[in-house]
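J.: Sharing run.cif here; it has mmCIF, C-alpha atoms.
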```cif
data_query
#
loop_
_atom_site.label_atom_id
_atom_site.label_comp_id
_atom_site.auth_asym_id
_atom_site.auth_seq_id
_atom_site.Cartn_x
_atom_site.Cartn_y
_atom_site.Cartn_z
CA MET A 952 0.00 0.00 0.00
CA SER A 953 1.37 3.40 -0.95
CA ASN A 954 2.63 5.89 1.58
CA ILE A 955 0.18 8.42 0.11
CA ALA A 956 -2.77 6.14 0.94
CA ARG A 957 -1.39 5.63 4.45
CA GLN A 958 -1.08 9.36 5.07
CA ALA A 959 -4.63 9.99 3.82
CA ALA A 960 -5.99 7.16 5.96
CA ASP A 961 -4.23 8.52 9.04
CA LEU A 962 -5.85 11.94 8.56
CA LEU A 963 -9.29 10.37 8.21
CA LEU A 964 -8.73 8.12 11.21
CA ALA A 965 -7.76 11.15 13.29
CA ALA A 966 -11.02 12.82 12.24
CA ARG A 967 -12.95 9.67 13.19
CA SER A 968 -11.48 9.67 16.67
CA ASN A 969 -11.96 13.38 17.30
CA PRO A 970 -14.45 15.63 15.45
CA THR A 971 -12.19 18.64 16.07
CA ASN A 972 -9.85 17.03 13.51
CA LYS A 973 -12.41 17.25 10.70
CA LEU A 974 -10.99 18.23 7.35
CA ALA A 975 -11.97 20.79 4.76
CA ASP A 976 -10.46 18.33 2.28
CA LEU A 977 -7.54 15.98 1.98
CA PRO A 978 -4.34 17.77 0.95
CA ALA A 979 -4.13 17.91 -2.84
CA GLU A 980 -1.23 15.47 -2.99
CA LEU A 981 -3.21 12.89 -0.96
CA GLN A 982 -6.52 13.09 -2.82
CA PRO A 983 -7.41 9.87 -4.67
CA LYS A 984 -7.61 10.28 -8.44
CA ASP A 985 -9.68 7.17 -9.16
CA ARG A 986 -11.61 4.35 -7.50
CA PRO A 987 -8.59 2.08 -6.84
CA GLU A 988 -6.81 4.91 -4.98
CA ALA A 989 -9.98 5.70 -3.01
CA TYR A 990 -10.44 2.03 -2.06
CA ALA A 991 -6.78 1.76 -1.00
CA ILE A 992 -7.44 4.47 1.60
CA GLN A 993 -10.80 3.03 2.59
CA HIS A 994 -9.37 -0.47 3.13
CA LEU A 995 -6.61 0.84 5.40
CA ILE A 996 -9.29 2.47 7.55
CA ALA A 997 -11.36 -0.73 7.60
CA GLU A 998 -8.34 -2.65 8.89
CA THR A 999 -8.70 -0.69 12.15
CA PHE A 1000 -12.29 -1.90 12.73
CA SER A 1001 -12.89 -4.51 15.41
CA GLY A 1002 -14.93 -6.32 12.77
CA ILE A 1003 -16.90 -5.68 9.60
CA GLY A 1004 -20.60 -5.70 10.43
CA GLY A 1005 -21.82 -5.02 6.94
CA TRP A 1006 -21.37 -3.26 3.66
CA LYS A 1007 -22.91 -0.34 1.83
CA VAL A 1008 -23.18 -0.64 -1.91
CA GLY A 1009 -24.61 1.68 -4.52
CA VAL A 1010 -24.68 2.16 -8.24
CA THR A 1011 -24.83 5.30 -10.34
CA GLY A 1012 -28.10 4.28 -11.99
CA PRO A 1013 -30.33 1.41 -13.09
CA GLN A 1014 -28.45 0.92 -16.37
CA PRO A 1015 -26.66 -2.44 -16.78
CA ASP A 1016 -23.30 -0.71 -17.25
CA ALA A 1017 -23.67 1.68 -14.29
CA ALA A 1018 -20.67 1.93 -11.95
CA PHE A 1019 -20.77 0.21 -8.55
CA GLN A 1020 -19.18 1.57 -5.39
CA CYS A 1021 -19.08 0.15 -1.88
CA GLY A 1022 -17.61 0.35 1.58
CA ALA A 1023 -17.09 -1.77 4.69
CA LEU A 1024 -19.09 -0.82 7.80
CA PRO A 1025 -17.66 -1.18 11.31
CA ALA A 1026 -19.53 -3.77 13.36
CA SER A 1027 -19.69 -1.34 16.29
CA GLY A 1028 -21.94 0.96 14.26
CA VAL A 1029 -24.49 -1.67 13.17
CA VAL A 1030 -27.24 -1.35 15.78
CA ALA A 1031 -30.76 -2.72 16.22
CA SER A 1032 -33.75 -0.36 16.23
CA PRO A 1033 -34.87 1.57 18.20
CA ALA A 1034 -31.53 3.33 18.60
CA THR A 1035 -30.29 6.58 20.07
CA THR A 1036 -27.27 8.57 18.97
CA SER A 1037 -25.53 11.77 19.99
CA ALA A 1038 -22.19 11.07 18.32
CA HIS A 1039 -22.82 12.21 14.78
CA THR A 1040 -22.32 15.86 13.87
CA LEU A 1041 -23.63 15.75 10.29
CA ARG A 1042 -26.99 14.20 11.33
CA GLY A 1043 -27.72 12.88 7.86
CA ILE A 1044 -30.26 10.14 7.26
CA GLU A 1045 -31.05 7.81 4.37
CA ALA A 1046 -33.87 5.26 4.19
CA GLU A 1047 -32.57 1.99 2.78
CA VAL A 1048 -33.19 -1.75 2.54
CA ALA A 1049 -30.49 -4.18 3.69
CA PHE A 1050 -30.13 -7.93 3.25
CA ARG A 1051 -28.61 -10.06 6.00
CA ILE A 1052 -26.21 -12.81 4.91
CA GLY A 1053 -26.99 -16.25 6.32
CA HIS A 1054 -23.84 -18.13 5.33
CA ASP A 1055 -20.36 -17.21 4.14
CA LEU A 1056 -19.71 -16.49 0.47
CA PRO A 1057 -15.90 -16.73 0.35
CA PRO A 1058 -13.94 -15.70 -2.74
CA ARG A 1059 -13.72 -18.37 -5.43
CA PRO A 1060 -12.65 -18.55 -9.09
CA GLU A 1061 -16.19 -19.16 -10.35
CA PRO A 1062 -18.53 -16.18 -9.82
CA TYR A 1063 -21.54 -16.74 -7.61
CA SER A 1064 -24.80 -16.89 -9.53
CA ARG A 1065 -27.75 -14.69 -8.68
CA GLU A 1066 -29.56 -17.78 -7.36
CA GLU A 1067 -26.67 -18.70 -5.06
CA VAL A 1068 -26.51 -15.19 -3.64
CA ILE A 1069 -30.28 -15.06 -3.08
CA ALA A 1070 -30.06 -18.38 -1.24
CA ALA A 1071 -27.51 -16.80 1.12
CA MET A 1072 -29.68 -13.74 1.85
CA VAL A 1073 -31.51 -14.93 4.94
CA ALA A 1074 -33.54 -11.77 5.63
CA ALA A 1075 -34.43 -8.31 4.35
CA HIS A 1076 -34.52 -5.38 6.79
CA PRO A 1077 -35.67 -1.77 6.80
CA VAL A 1078 -32.64 0.35 7.72
CA ILE A 1079 -31.60 3.91 8.31
CA GLU A 1080 -28.07 4.76 7.31
CA VAL A 1081 -26.85 7.43 9.70
CA LEU A 1082 -24.57 9.75 7.77
CA ASP A 1083 -21.54 11.46 9.23
CA SER A 1084 -18.36 12.70 7.62
CA ARG A 1085 -14.74 13.30 8.39
CA TYR A 1086 -15.01 16.42 6.21
CA HIS A 1087 -16.70 19.64 7.26
CA ASP A 1088 -18.79 19.52 4.09
CA PRO A 1089 -18.73 16.20 2.21
CA ASP A 1090 -20.49 17.82 -0.74
CA ALA A 1091 -17.49 20.11 -1.21
CA VAL A 1092 -14.97 17.31 -1.83
CA SER A 1093 -14.52 15.16 -4.92
CA PRO A 1094 -16.52 11.92 -5.30
CA PHE A 1095 -13.35 9.81 -4.97
CA THR A 1096 -12.27 11.71 -1.85
CA ASN A 1097 -15.72 11.05 -0.37
CA LEU A 1098 -15.50 7.39 -1.41
CA ALA A 1099 -12.25 7.11 0.57
CA ASP A 1100 -14.34 8.10 3.61
CA THR A 1101 -16.97 5.41 2.81
CA GLN A 1102 -19.30 8.09 1.45
CA SER A 1103 -20.07 9.67 4.80
CA HIS A 1104 -21.05 6.49 6.61
CA GLY A 1105 -21.79 7.01 10.30
CA GLY A 1106 -23.84 3.99 11.34
CA LEU A 1107 -26.54 1.53 10.32
CA ILE A 1108 -29.77 1.09 12.27
CA TYR A 1109 -31.77 -1.99 11.31
CA GLY A 1110 -35.37 -3.02 11.96
CA ALA A 1111 -36.56 -6.55 12.60
CA GLY A 1112 -37.05 -7.41 8.93
CA ARG A 1113 -38.46 -10.52 7.30
CA THR A 1114 -37.06 -13.91 6.39
CA ASP A 1115 -39.93 -14.44 3.89
CA TRP A 1116 -38.93 -11.45 1.79
CA HIS A 1117 -38.71 -13.20 -1.58
CA GLY A 1118 -42.24 -12.32 -2.68
CA ILE A 1119 -41.90 -8.57 -2.02
CA ASP A 1120 -42.13 -6.42 -5.13
CA PHE A 1121 -39.48 -3.87 -4.20
CA ALA A 1122 -40.07 -1.91 -7.41
CA SER A 1123 -43.54 -0.96 -6.19
CA GLU A 1124 -42.73 -0.69 -2.48
CA VAL A 1125 -43.36 2.82 -1.12
CA VAL A 1126 -41.10 4.02 1.69
CA GLU A 1127 -42.33 6.63 4.17
CA GLN A 1128 -39.80 8.77 6.05
CA TYR A 1129 -40.95 10.68 9.14
CA VAL A 1130 -39.06 13.25 11.21
CA ASP A 1131 -40.50 14.22 14.60
CA GLY A 1132 -43.79 12.59 13.68
CA ALA A 1133 -44.27 14.50 10.42
CA LEU A 1134 -44.11 12.77 7.05
CA GLN A 1135 -41.01 14.20 5.40
CA MET A 1136 -41.17 12.31 2.12
CA THR A 1137 -42.18 9.15 0.32
CA HIS A 1138 -40.61 7.34 -2.61
CA THR A 1139 -41.49 4.30 -4.69
CA GLY A 1140 -38.68 1.82 -5.30
CA ASN A 1141 -34.92 2.13 -5.09
CA PRO A 1142 -33.62 4.64 -7.68
CA ALA A 1143 -30.80 2.21 -8.50
CA GLY A 1144 -33.32 -0.37 -9.66
CA ASP A 1145 -32.67 -4.05 -8.99
CA MET A 1146 -31.08 -4.34 -5.54
CA ILE A 1147 -30.23 -8.03 -5.87
CA ARG A 1148 -27.59 -7.27 -8.50
CA LEU A 1149 -25.84 -5.06 -5.93
CA VAL A 1150 -25.49 -7.97 -3.51
CA VAL A 1151 -24.30 -10.26 -6.33
CA TRP A 1152 -21.62 -7.69 -7.21
CA MET A 1153 -20.57 -7.48 -3.58
CA ALA A 1154 -20.17 -11.27 -3.40
CA ASN A 1155 -18.14 -11.47 -6.60
CA GLU A 1156 -16.13 -8.23 -6.47
CA GLY A 1157 -16.78 -5.67 -3.73
CA ALA A 1158 -16.08 -7.79 -0.63
CA VAL A 1159 -13.43 -10.12 -2.07
CA TRP A 1160 -10.53 -8.17 -0.56
CA ALA A 1161 -11.94 -8.83 2.94
CA GLY A 1162 -12.58 -12.54 2.45
CA GLY A 1163 -16.03 -12.19 0.89
CA LEU A 1164 -19.43 -11.74 2.47
CA LYS A 1165 -19.74 -13.34 5.91
CA ALA A 1166 -22.67 -14.79 7.82
CA GLY A 1167 -24.38 -12.14 9.92
CA GLN A 1168 -23.24 -9.20 7.82
CA PHE A 1169 -25.74 -6.74 6.36
CA VAL A 1170 -25.55 -5.44 2.80
CA THR A 1171 -27.42 -2.15 2.51
CA CYS A 1172 -28.34 -1.23 -1.02
CA GLY A 1173 -28.47 2.53 -1.37
CA SER A 1174 -30.81 5.34 -0.45
CA TRP A 1175 -34.46 5.36 -1.47
CA THR A 1176 -34.93 8.93 -0.26
CA GLY A 1177 -31.61 10.69 -0.85
CA LYS A 1178 -29.64 12.41 1.88
CA ARG A 1179 -31.64 14.47 4.37
CA ILE A 1180 -30.25 16.47 7.30
CA VAL A 1181 -32.19 16.62 10.58
CA GLY A 1182 -31.93 18.87 13.63
CA HIS A 1183 -29.74 18.38 16.68
CA THR A 1184 -32.62 16.52 18.33
CA ALA A 1185 -34.92 14.53 16.09
CA ARG A 1186 -36.84 11.26 15.99
CA VAL A 1187 -36.54 9.55 12.62
CA ARG A 1188 -38.93 6.80 11.60
CA VAL A 1189 -38.74 4.92 8.32
CA ARG A 1190 -41.58 2.60 7.30
CA TYR A 1191 -41.84 0.07 4.48
CA PRO A 1192 -45.32 -1.53 4.29
CA SER A 1193 -43.87 -4.95 3.45
CA LEU A 1194 -40.84 -4.85 5.78
CA GLY A 1195 -41.82 -2.85 8.83
CA GLU A 1196 -40.27 0.09 10.64
CA VAL A 1197 -36.92 1.34 11.94
CA PHE A 1198 -36.28 4.21 14.38
CA VAL A 1199 -33.35 6.37 15.46
CA ASP A 1200 -33.38 9.30 17.91
CA TYR A 1201 -30.81 12.09 17.80
CA VAL A 1202 -30.35 13.47 21.32
#
```
Taking this structure as input, can you express it in the form of structure tokens?
T.:
Amino acid sequence: MSNIARQAADLLLAARSNPTNKLADLPAELQPKDRPEAYAIQHLIAETFSGIGGWKVGVTGPQPDAAFQCGALPASGVVASPATTSAHTLRGIEAEVAFRIGHDLPPRPEPYSREEVIAAMVAAHPVIEVLDSRYHDPDAVSPFTNLADTQSHGGLIYGAGRTDWHGIDFASEVVEQYVDGALQMTHTGNPAGDMIRLVVWMANEGAVWAGGLKAGQFVTCGSWTGKRIVGHTARVRVRYPSLGEVFVDYV
């Protein structure tokens, strides 16, 4: 791993440990120029986690050739609903759907088929991705620089979910997002389209560097509602009619 990646990772780790170390940006000479450089930084940070509790994965659009991007999530930040947090300064929220892995999918020469990956997905859960950033304003840095910071991941709050999720038509599912009891927004379907292909990509490419997807990990498949910022104190409730609810309180 390059010394440049190590220096960038050290700056981001310092910002993780102390919000007073937040960055306006990485120094120009440390900014990743492409996805491999961003992932090199991101993986060094993930090596400091006590364990990987899950993954976030997204895609730039529903097109077959759209670009995937992902990040490892620290196990310490994957928490059951209802949850309370006071640690996150950005206070961003995203309504998402995550799949829990039931058995390991280790790296292998032959790619996993869609059917094999579905068989490993033991449950689907409503989740709230809590957004935080090691930058003062993550929208002011380049996409690759933000990818190095796992695209502003702060934590993952998961609802009870369902093991009999296979019959859910996610394309027609309508999510409801409430803040302090008021309906903030609704949206039908995940803007990225087919979420299963995201988990298949994670099994065959995104998680390979870490030994593949592991039993118990969550794979959360991108925002249905886009990023929203809430106040210093707020109760956030996300509801999917077919999956149930998930709550987080900012205090």
J.: Which residues match the PyMOL selection byres ((chain A and resi 1071-1081) around 8) in the file above, as a VMD selection string?
T.: chain A and resid 1042 to 1056 1067 to 1070 1082 to 1083 1104 to 1116 1171 1189 to 1191 1194 to 1199
J.: Can you build me a table of segment 1075-1129 of chain A residues sitting at most 9 Å from segment 1133-1148 of chain A, with the closest atom pair per residue and its distance in Å to one decimal, using only C-alpha atoms, sorted by chain and residue number, as a tab-separated table?
T.:
```
residue	atom	partner	partner_atom	distance
A:Asp1120	CA	A:Gly1140	CA	8.9
A:Phe1121	CA	A:Gly1140	CA	5.9
A:Ala1122	CA	A:Gly1140	CA	4.5
A:Ser1123	CA	A:Gly1140	CA	5.7
A:Glu1124	CA	A:Gly1140	CA	5.5
A:Val1125	CA	A:Thr1139	CA	4.3
A:Val1126	CA	A:Thr1137	CA	5.4
A:Glu1127	CA	A:Thr1137	CA	4.6
A:Gln1128	CA	A:Met1136	CA	5.5
A:Tyr1129	CA	A:Leu1134	CA	4.3
```
J.: So that I can check the surroundings of Asp1088 of chain A, please list as a PyMOL selection string every protein, DNA and RNA residue that reaches within 9 Å of it, counting all atoms listed in the file and ignoring chain neighbours fewer than 6 positions away.
T.: chain A and resi 974-976+1041
J.: Please produce a file of the residues just selected, as a PDB file, in the frame of the given file, where the atoms kept are C-alpha atoms.
T.:
```pdb
ATOM      1  CA  LEU A 974     -10.990  18.230   7.350  1.00  0.00           C
ATOM      2  CA  ALA A 975     -11.970  20.790   4.760  1.00  0.00           C
ATOM      3  CA  ASP A 976     -10.460  18.330   2.280  1.00  0.00           C
ATOM      4  CA  LEU A1041     -23.630  15.750  10.290  1.00  0.00           C
TER       5      LEU A1041
END
```
J.: Applied to this file, what does the PyMOL selection byres ((chain A and resi 1157) around 10) return in terms of residues, put as a PyMOL selection string?
T.: chain A and resi 1006-1008+1019-1023+1149-1156+1158-1161+1163-1164
J.: Excluding Ala956 of chain A and residues on its chain fewer than 6 positions from it, collect all residues at most 9 Å away from it, counting all atoms listed in the file, and give them as a PyMOL selection string.
T.: chain A and resi 981-983+988-989+991-993+995
J.: Can you work out the spacing between atom CA of Ser1027 of chain A and atom CA of Phe1169 of chain A in Å, to one decimal?
T.: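 Between atom CA of Ser1027 of chain A and atom CA of Phe1169 of chain A the gap works out to 12.8 Å.
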J.: Would you compute the distance between atom CA of Val1170 of chain A and atom CA of Gly1005 of chain A? Give it in Å to one decimal.
T.: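 Separation between atom CA of Val1170 of chain A and atom CA of Gly1005 of chain A: 5.6 Å.
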J.: So for segment 1087-1090 of chain A, what box centre and size do we get, axis-aligned, 5 Å extra on each of the six sides, every listed atom, Å to one decimal, as JSON?
T.:
```
{"center_x": -18.6, "center_y": 17.9, "center_z": 3.3, "size_x": 13.8, "size_y": 13.4, "size_z": 18.0}
```
J.: To one decimal place in Å, what is the distance between atom CA of Thr1101 of chain A and atom CA of Ala960 of chain A?
T.: 11.6 Å
J.: Considering only C-alpha atoms, return as a PDB file with C-alpha atoms, in the coordinates of the input whatever protein or nucleic-acid residues lie within 12 Å of Ile996 of chain A, sequence-local ones (same chain, fewer than 4 positions apart) excluded.
T.:
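Everything below was put into part16.pdb:
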```
ATOM      1  CA  ALA A 956      -2.770   6.140   0.940  1.00  0.00           C
ATOM      2  CA  ARG A 957      -1.390   5.630   4.450  1.00  0.00           C
ATOM      3  CA  GLN A 958      -1.080   9.360   5.070  1.00  0.00           C
ATOM      4  CA  ALA A 959      -4.630   9.990   3.820  1.00  0.00           C
ATOM      5  CA  ALA A 960      -5.990   7.160   5.960  1.00  0.00           C
ATOM      6  CA  ASP A 961      -4.230   8.520   9.040  1.00  0.00           C
ATOM      7  CA  LEU A 962      -5.850  11.940   8.560  1.00  0.00           C
ATOM      8  CA  LEU A 963      -9.290  10.370   8.210  1.00  0.00           C
ATOM      9  CA  LEU A 964      -8.730   8.120  11.210  1.00  0.00           C
ATOM     10  CA  ALA A 965      -7.760  11.150  13.290  1.00  0.00           C
ATOM     11  CA  ALA A 966     -11.020  12.820  12.240  1.00  0.00           C
ATOM     12  CA  ARG A 967     -12.950   9.670  13.190  1.00  0.00           C
ATOM     13  CA  SER A 968     -11.480   9.670  16.670  1.00  0.00           C
ATOM     14  CA  ALA A 989      -9.980   5.700  -3.010  1.00  0.00           C
ATOM     15  CA  TYR A 990     -10.440   2.030  -2.060  1.00  0.00           C
ATOM     16  CA  ALA A 991      -6.780   1.760  -1.000  1.00  0.00           C
ATOM     17  CA  ILE A 992      -7.440   4.470   1.600  1.00  0.00           C
ATOM     18  CA  PHE A1000     -12.290  -1.900  12.730  1.00  0.00           C
ATOM     19  CA  SER A1001     -12.890  -4.510  15.410  1.00  0.00           C
ATOM     20  CA  GLY A1002     -14.930  -6.320  12.770  1.00  0.00           C
ATOM     21  CA  ILE A1003     -16.900  -5.680   9.600  1.00  0.00           C
ATOM     22  CA  GLY A1022     -17.610   0.350   1.580  1.00  0.00           C
ATOM     23  CA  ALA A1023     -17.090  -1.770   4.690  1.00  0.00           C
ATOM     24  CA  LEU A1024     -19.090  -0.820   7.800  1.00  0.00           C
ATOM     25  CA  PRO A1025     -17.660  -1.180  11.310  1.00  0.00           C
ATOM     26  CA  LEU A1098     -15.500   7.390  -1.410  1.00  0.00           C
ATOM     27  CA  ALA A1099     -12.250   7.110   0.570  1.00  0.00           C
ATOM     28  CA  ASP A1100     -14.340   8.100   3.610  1.00  0.00           C
ATOM     29  CA  THR A1101     -16.970   5.410   2.810  1.00  0.00           C
TER      30      THR A1101
END
```
J.: Translate the PyMOL selection byres ((chain A and resi 1201) around 12) into a concrete residue list for this structure, as an mmCIF file with C-alpha atoms, keeping the file's coordinate frame.
T.:
```
data_model
loop_
_atom_site.group_PDB
_atom_site.id
_atom_site.type_symbol
_atom_site.label_atom_id
_atom_site.label_comp_id
_atom_site.auth_asym_id
_atom_site.auth_seq_id
_atom_site.Cartn_x
_atom_site.Cartn_y
_atom_site.Cartn_z
ATOM 1 C CA PRO A 1033 -34.870 1.570 18.200
ATOM 2 C CA ALA A 1034 -31.530 3.330 18.600
ATOM 3 C CA THR A 1035 -30.290 6.580 20.070
ATOM 4 C CA THR A 1036 -27.270 8.570 18.970
ATOM 5 C CA SER A 1037 -25.530 11.770 19.990
ATOM 6 C CA ALA A 1038 -22.190 11.070 18.320
ATOM 7 C CA HIS A 1039 -22.820 12.210 14.780
ATOM 8 C CA THR A 1040 -22.320 15.860 13.870
ATOM 9 C CA LEU A 1041 -23.630 15.750 10.290
ATOM 10 C CA ARG A 1042 -26.990 14.200 11.330
ATOM 11 C CA GLY A 1043 -27.720 12.880 7.860
ATOM 12 C CA ILE A 1044 -30.260 10.140 7.260
ATOM 13 C CA VAL A 1081 -26.850 7.430 9.700
ATOM 14 C CA VAL A 1130 -39.060 13.250 11.210
ATOM 15 C CA ASP A 1131 -40.500 14.220 14.600
ATOM 16 C CA ILE A 1180 -30.250 16.470 7.300
ATOM 17 C CA VAL A 1181 -32.190 16.620 10.580
ATOM 18 C CA GLY A 1182 -31.930 18.870 13.630
ATOM 19 C CA HIS A 1183 -29.740 18.380 16.680
ATOM 20 C CA THR A 1184 -32.620 16.520 18.330
ATOM 21 C CA ALA A 1185 -34.920 14.530 16.090
ATOM 22 C CA ARG A 1186 -36.840 11.260 15.990
ATOM 23 C CA VAL A 1187 -36.540 9.550 12.620
ATOM 24 C CA ARG A 1188 -38.930 6.800 11.600
ATOM 25 C CA PHE A 1198 -36.280 4.210 14.380
ATOM 26 C CA VAL A 1199 -33.350 6.370 15.460
ATOM 27 C CA ASP A 1200 -33.380 9.300 17.910
ATOM 28 C CA VAL A 1202 -30.350 13.470 21.320
#
```
J.: Looking at A:Ala1017, A:Gly1004, A:Ser1084, A:Ser1093, which one is nearest to Val1030 of chain A, with distances taken over all atoms listed in the file?
T.: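 The shortest atom-to-atom distance to Val1030 of chain A comes from A:Gly1004.
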